[in-house]
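Single-structure report; data block below.
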Amino acid sequence: MASMRDIKRRKTSIQSTQQITKAMKLVSTVKLQRAKTRAERSKAYFNCMYETITGMIRRTGHIDHPYLTSGSSEKKAVVVITSNRGLAGGYNSNIVKLVTGSELKKEDVEVYAIGKKGRDVLKRRGYNIKADYSEVINEPLYKDAMEITDALLEAFSNKEIGEIWLAYTGFKNTVSHIPTLIKLLPVDASADEAEADGQQAEDAVSSKTLMNYEPEETEAMEMIIPKYIASLIYGALIEAVASENGARMQAMDSATSNAEEMIGTLELQYNRARQGHITQELTEIIGGAEALSS
Amino acid sequence: MADDRAFSLKIITPDRVFYEGNAIMVELRTTEGEIGVLKNHIPLTSVIAPGILRIRESDSEVKTAALISGFVEILQDSVTILAEVVEWPDEIDVNRAEEARVRAERRLAEKASNTNMKRAELALERSVARIEAAKK
């Protein structure tokens, strides 16, 4: 059995770790609340944006626009949103797994990394990191999303990349976060339609009204699609921040309760050791007294 | 006050719902020129150019804002503006806008080959829209 001193040292060490995890949990809870309200506030914009774009594509049918047809290049850009800091449970590794486990071939992928953790792991696995916007995830602004979009679209129109994908962690609620991989460009009209199945009744109404475009469709598309991509990236950023804090909160919560459990066991061990120690001392004293008196 | 000329107007930015209410007329600037929208307008989707947005809530009440970019979806009885950048007059930093205007004008005047003319023009439009809106 370990000595009393060892057990005591172990216990203090775990206690101070627990203090840290507890504090981290509190911090991420607060951050999560903030990120959550932010995500909710901006949701209206994305829903509207999504409806407008899908409606537009469906109504206009198949226009021959570079943004809607697959590029000639084999290269695929993947925007990977992870966090800059660890200790968030499986948050970062889930995203990495999603990218490595997808059908995207390693040689074809150009990573646009947002978040140091994902960037480092993907780099180690031999992925080509094209750009790094890790600062953005600390405080995502719409302007950042626009910047990233500009870089992506420039590469797309220069035919450096043929497809644009986005990997991020969707925020469903506080405890459930879903790693998601979606295709941004070319816009897949058929997939959108399948997704929008639930809204069919509403669509039937809106598709009756004939929409006019000013400037005309292709040109309007040219201007609106970048905004669409930017809003998707921004939405993903905001959701990812909320998910990150949610994941960290959960991880720290279980770490704290694990520490609690360990402290309990150690406490028991310590008390037993103490008792054993006293008993031993007593027997020694009695033994000594007996030896003297006899 | 239910006005039968009123239609619902929604202005949404990525960070907040900027405006939600009823209006009898909205004036804004699109890439094709200025338009004023009344109720029962034909359905129209248009891209916004930097300019002043005027929301006429009733005959006496007009609200202005600087609408910088985004696009607008007009349906018969509702108008939705998906704005990337839109500001109320009291949110505008006039000094900064003035500075931006001077800078853009200077760049346009130089006509150096390495400056992006289109970008400078846009910057000028943006700053002018902000200044105008702030004056109101």
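The way I read the labels, and the way they are meant: chains A, B, ... in the order of the structure tokens, residue 1 as the first residue of every chain, and ligand 1 as the first ligand shown, with later ones counted on from there.
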Select all residues from chain A having any atom no more than 9 Å from an atom of chain B (counting only C-alpha atoms, ignoring ligands), output as a PyMOL selection string. chain A and resi 38-39+41-46+48-49+52+142+209-216+220+223-224+227+231+234-235
Keeping N, CA and C atoms for every residue in the selection just given, could you write it to a file as an mmCIF file, in the first residue's frame?
data_model
loop_
_atom_site.group_PDB
_atom_site.id
_atom_site.type_symbol
_atom_site.label_atom_id
_atom_site.label_comp_id
_atom_site.auth_asym_id
_atom_site.auth_seq_id
_atom_site.Cartn_x
_atom_site.Cartn_y
_atom_site.Cartn_z
ATOM 1 N N ARG A 38 -25.631 34.673 -30.206
ATOM 2 C CA ARG A 38 -25.157 35.221 -31.473
ATOM 3 C C ARG A 38 -25.619 34.357 -32.637
ATOM 4 N N ALA A 39 -25.510 33.050 -32.445
ATOM 5 C CA ALA A 39 -25.917 32.132 -33.504
ATOM 6 C C ALA A 39 -27.411 32.267 -33.770
ATOM 7 N N ARG A 41 -29.273 34.899 -33.245
ATOM 8 C CA ARG A 41 -29.601 36.189 -33.868
ATOM 9 C C ARG A 41 -29.331 36.179 -35.354
ATOM 10 N N SER A 42 -28.275 35.469 -35.741
ATOM 11 C CA SER A 42 -27.934 35.524 -37.161
ATOM 12 C C SER A 42 -28.644 34.443 -37.973
ATOM 13 N N LYS A 43 -29.366 33.588 -37.282
ATOM 14 C CA LYS A 43 -30.038 32.494 -37.986
ATOM 15 C C LYS A 43 -31.028 33.024 -39.041
ATOM 16 N N ALA A 44 -31.748 34.080 -38.683
ATOM 17 C CA ALA A 44 -32.752 34.639 -39.589
ATOM 18 C C ALA A 44 -32.145 34.956 -40.945
ATOM 19 N N TYR A 45 -30.962 35.517 -40.907
ATOM 20 C CA TYR A 45 -30.290 35.906 -42.150
ATOM 21 C C TYR A 45 -30.011 34.702 -43.035
ATOM 22 N N PHE A 46 -29.498 33.637 -42.403
ATOM 23 C CA PHE A 46 -29.121 32.475 -43.211
ATOM 24 C C PHE A 46 -30.318 31.746 -43.771
ATOM 25 N N CYS A 48 -33.136 33.036 -44.535
ATOM 26 C CA CYS A 48 -33.627 33.870 -45.625
ATOM 27 C C CYS A 48 -32.750 33.713 -46.855
ATOM 28 N N MET A 49 -31.458 33.762 -46.622
ATOM 29 C CA MET A 49 -30.487 33.649 -47.699
ATOM 30 C C MET A 49 -30.646 32.315 -48.409
ATOM 31 N N THR A 52 -33.857 32.138 -50.448
ATOM 32 C CA THR A 52 -33.776 32.966 -51.642
ATOM 33 C C THR A 52 -32.943 32.279 -52.720
ATOM 34 N N TYR A 142 -18.144 39.117 -39.950
ATOM 35 C CA TYR A 142 -18.661 38.853 -41.286
ATOM 36 C C TYR A 142 -17.622 39.217 -42.344
ATOM 37 N N THR A 209 -45.231 32.819 -58.189
ATOM 38 C CA THR A 209 -44.930 34.207 -58.493
ATOM 39 C C THR A 209 -43.664 34.248 -59.344
ATOM 40 N N LEU A 210 -43.768 34.883 -60.436
ATOM 41 C CA LEU A 210 -42.645 34.927 -61.352
ATOM 42 C C LEU A 210 -41.681 36.022 -60.911
ATOM 43 N N MET A 211 -40.472 35.621 -60.612
ATOM 44 C CA MET A 211 -39.515 36.590 -60.102
ATOM 45 C C MET A 211 -38.800 37.307 -61.249
ATOM 46 N N ASN A 212 -38.650 38.588 -61.079
ATOM 47 C CA ASN A 212 -37.862 39.355 -62.048
ATOM 48 C C ASN A 212 -36.495 39.646 -61.451
ATOM 49 N N TYR A 213 -35.524 39.741 -62.309
ATOM 50 C CA TYR A 213 -34.189 40.027 -61.793
ATOM 51 C C TYR A 213 -33.641 41.285 -62.427
ATOM 52 N N GLU A 214 -32.993 42.031 -61.591
ATOM 53 C CA GLU A 214 -32.441 43.272 -62.073
ATOM 54 C C GLU A 214 -31.103 43.451 -61.385
ATOM 55 N N PRO A 215 -29.982 43.352 -61.963
ATOM 56 C CA PRO A 215 -29.726 42.997 -63.359
ATOM 57 C C PRO A 215 -30.188 41.575 -63.672
ATOM 58 N N GLU A 216 -30.051 41.159 -64.893
ATOM 59 C CA GLU A 216 -30.640 39.886 -65.290
ATOM 60 C C GLU A 216 -29.971 38.691 -64.596
ATOM 61 N N ALA A 220 -27.055 38.692 -61.838
ATOM 62 C CA ALA A 220 -27.469 38.755 -60.440
ATOM 63 C C ALA A 220 -26.867 37.584 -59.680
ATOM 64 N N MET A 223 -23.427 38.103 -58.616
ATOM 65 C CA MET A 223 -23.225 38.975 -57.470
ATOM 66 C C MET A 223 -23.762 38.376 -56.185
ATOM 67 N N ILE A 224 -24.811 37.568 -56.317
ATOM 68 C CA ILE A 224 -25.450 37.073 -55.096
ATOM 69 C C ILE A 224 -24.740 35.835 -54.559
ATOM 70 N N LYS A 227 -22.141 36.336 -51.960
ATOM 71 C CA LYS A 227 -22.761 36.699 -50.681
ATOM 72 C C LYS A 227 -23.297 35.450 -49.993
ATOM 73 N N SER A 231 -22.054 34.074 -46.468
ATOM 74 C CA SER A 231 -22.978 33.918 -45.344
ATOM 75 C C SER A 231 -22.920 32.496 -44.806
ATOM 76 N N TYR A 234 -19.771 32.300 -42.754
ATOM 77 C CA TYR A 234 -19.955 33.040 -41.508
ATOM 78 C C TYR A 234 -20.839 32.247 -40.544
ATOM 79 N N GLY A 235 -21.905 31.694 -41.088
ATOM 80 C CA GLY A 235 -22.794 30.888 -40.257
ATOM 81 C C GLY A 235 -22.053 29.710 -39.659
#
Out of stretch 9-148 of chain A, which residues get helix (DSSP H, G or I) from DSSP, as a PyMOL selection string? chain A and resi 9-60+91-101+106-108+116-124+134-138+142-148
Selection to disk with C-alpha atoms, as an mmCIF file, in the first residue's frame:
data_model
loop_
_atom_site.group_PDB
_atom_site.id
_atom_site.type_symbol
_atom_site.label_atom_id
_atom_site.label_comp_id
_atom_site.auth_asym_id
_atom_site.auth_seq_id
_atom_site.Cartn_x
_atom_site.Cartn_y
_atom_site.Cartn_z
ATOM 1 C CA ARG A 9 0.394 14.351 -2.606
ATOM 2 C CA ARG A 10 -1.633 12.648 -5.288
ATOM 3 C CA LYS A 11 -4.830 14.004 -3.819
ATOM 4 C CA THR A 12 -3.653 17.618 -3.755
ATOM 5 C CA SER A 13 -2.461 17.297 -7.332
ATOM 6 C CA ILE A 14 -5.844 16.049 -8.468
ATOM 7 C CA GLN A 15 -7.576 18.729 -6.474
ATOM 8 C CA SER A 16 -5.673 21.486 -8.208
ATOM 9 C CA THR A 17 -6.395 19.915 -11.598
ATOM 10 C CA GLN A 18 -10.032 19.821 -10.658
ATOM 11 C CA GLN A 19 -9.935 23.502 -9.824
ATOM 12 C CA ILE A 20 -8.600 24.217 -13.279
ATOM 13 C CA THR A 21 -11.179 22.084 -15.064
ATOM 14 C CA LYS A 22 -13.926 23.628 -12.979
ATOM 15 C CA ALA A 23 -12.813 27.126 -13.905
ATOM 16 C CA MET A 24 -12.531 26.172 -17.570
ATOM 17 C CA LYS A 25 -16.006 24.748 -17.476
ATOM 18 C CA LEU A 26 -17.393 27.964 -16.049
ATOM 19 C CA VAL A 27 -15.597 30.046 -18.636
ATOM 20 C CA SER A 28 -16.805 27.956 -21.542
ATOM 21 C CA THR A 29 -20.347 27.980 -20.181
ATOM 22 C CA VAL A 30 -20.354 31.756 -20.294
ATOM 23 C CA LYS A 31 -18.772 31.775 -23.731
ATOM 24 C CA LEU A 32 -21.258 29.220 -24.940
ATOM 25 C CA GLN A 33 -24.162 31.384 -23.832
ATOM 26 C CA ARG A 34 -22.755 34.314 -25.742
ATOM 27 C CA ALA A 35 -22.034 32.283 -28.855
ATOM 28 C CA LYS A 36 -25.472 30.741 -28.693
ATOM 29 C CA THR A 37 -27.331 34.041 -28.628
ATOM 30 C CA ARG A 38 -25.157 35.221 -31.473
ATOM 31 C CA ALA A 39 -25.917 32.132 -33.504
ATOM 32 C CA GLU A 40 -29.617 32.542 -32.881
ATOM 33 C CA ARG A 41 -29.601 36.189 -33.868
ATOM 34 C CA SER A 42 -27.934 35.524 -37.161
ATOM 35 C CA LYS A 43 -30.038 32.494 -37.986
ATOM 36 C CA ALA A 44 -32.752 34.639 -39.589
ATOM 37 C CA TYR A 45 -30.290 35.906 -42.150
ATOM 38 C CA PHE A 46 -29.121 32.475 -43.211
ATOM 39 C CA ASN A 47 -32.552 30.982 -43.450
ATOM 40 C CA CYS A 48 -33.627 33.870 -45.625
ATOM 41 C CA MET A 49 -30.487 33.649 -47.699
ATOM 42 C CA TYR A 50 -30.883 29.919 -48.160
ATOM 43 C CA GLU A 51 -34.495 30.188 -49.204
ATOM 44 C CA THR A 52 -33.776 32.966 -51.642
ATOM 45 C CA ILE A 53 -30.893 31.168 -53.291
ATOM 46 C CA THR A 54 -32.536 27.786 -53.586
ATOM 47 C CA GLY A 55 -35.711 29.425 -54.806
ATOM 48 C CA MET A 56 -33.729 31.356 -57.336
ATOM 49 C CA ILE A 57 -31.918 28.327 -58.652
ATOM 50 C CA ARG A 58 -35.090 26.300 -58.882
ATOM 51 C CA ARG A 59 -37.023 29.017 -60.659
ATOM 52 C CA THR A 60 -34.357 29.897 -63.129
ATOM 53 C CA TYR A 91 -14.305 18.398 -31.122
ATOM 54 C CA ASN A 92 -11.200 18.800 -33.275
ATOM 55 C CA SER A 93 -10.498 15.151 -33.979
ATOM 56 C CA ASN A 94 -14.059 14.620 -35.174
ATOM 57 C CA ILE A 95 -13.597 17.244 -37.860
ATOM 58 C CA VAL A 96 -10.246 15.812 -38.890
ATOM 59 C CA LYS A 97 -11.758 12.346 -39.062
ATOM 60 C CA LEU A 98 -14.560 13.702 -41.172
ATOM 61 C CA VAL A 99 -12.129 15.148 -43.693
ATOM 62 C CA THR A 100 -9.749 12.167 -43.791
ATOM 63 C CA GLY A 101 -12.593 9.677 -43.892
ATOM 64 C CA LYS A 106 -5.628 13.518 -50.142
ATOM 65 C CA GLU A 107 -3.686 14.601 -53.218
ATOM 66 C CA ASP A 108 -6.577 16.659 -54.540
ATOM 67 C CA LYS A 116 -4.746 25.802 -35.467
ATOM 68 C CA LYS A 117 -5.646 22.343 -34.190
ATOM 69 C CA GLY A 118 -7.130 21.102 -37.416
ATOM 70 C CA ARG A 119 -4.396 22.731 -39.441
ATOM 71 C CA ASP A 120 -1.607 21.035 -37.504
ATOM 72 C CA VAL A 121 -3.111 17.573 -37.599
ATOM 73 C CA LEU A 122 -3.956 17.744 -41.302
ATOM 74 C CA LYS A 123 -0.490 19.030 -42.056
ATOM 75 C CA ARG A 124 1.020 16.107 -40.205
ATOM 76 C CA SER A 134 -6.649 30.708 -37.668
ATOM 77 C CA GLU A 135 -6.976 34.135 -36.074
ATOM 78 C CA VAL A 136 -10.521 34.392 -37.331
ATOM 79 C CA ILE A 137 -12.021 31.763 -35.056
ATOM 80 C CA ASN A 138 -11.261 33.775 -31.919
ATOM 81 C CA TYR A 142 -18.661 38.853 -41.286
ATOM 82 C CA LYS A 143 -15.800 40.683 -42.931
ATOM 83 C CA ASP A 144 -13.521 37.695 -42.348
ATOM 84 C CA ALA A 145 -15.991 35.411 -44.055
ATOM 85 C CA MET A 146 -16.071 37.777 -47.020
ATOM 86 C CA GLU A 147 -12.291 37.777 -47.210
ATOM 87 C CA ILE A 148 -12.118 34.003 -47.247
#
Do a neighbour search on B:Glu27 at 10 Å with only C-alpha atoms, toss out local chain neighbours closer than 5 positions, and write the hits as a ChimeraX atom specification. /B:34-38,51-56,64
Could you pull out the strand (DSSP E or B) residues of chain B, going by DSSP on the backbone, and write them as a PyMOL selection string? chain B and resi 7-12+17-23+25-30+33-37+44-48+51-56+62-75+78-87
Rank B:Asp93, B:Glu20, B:Asp77, B:Glu121 by their smallest atom-to-atom distance to B:His41, using only C-alpha atoms, and report the top residue only.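 Going through B:Asp93, B:Glu20, B:Asp77, B:Glu121 one by one, the smallest distance to B:His41 is for B:Asp77.
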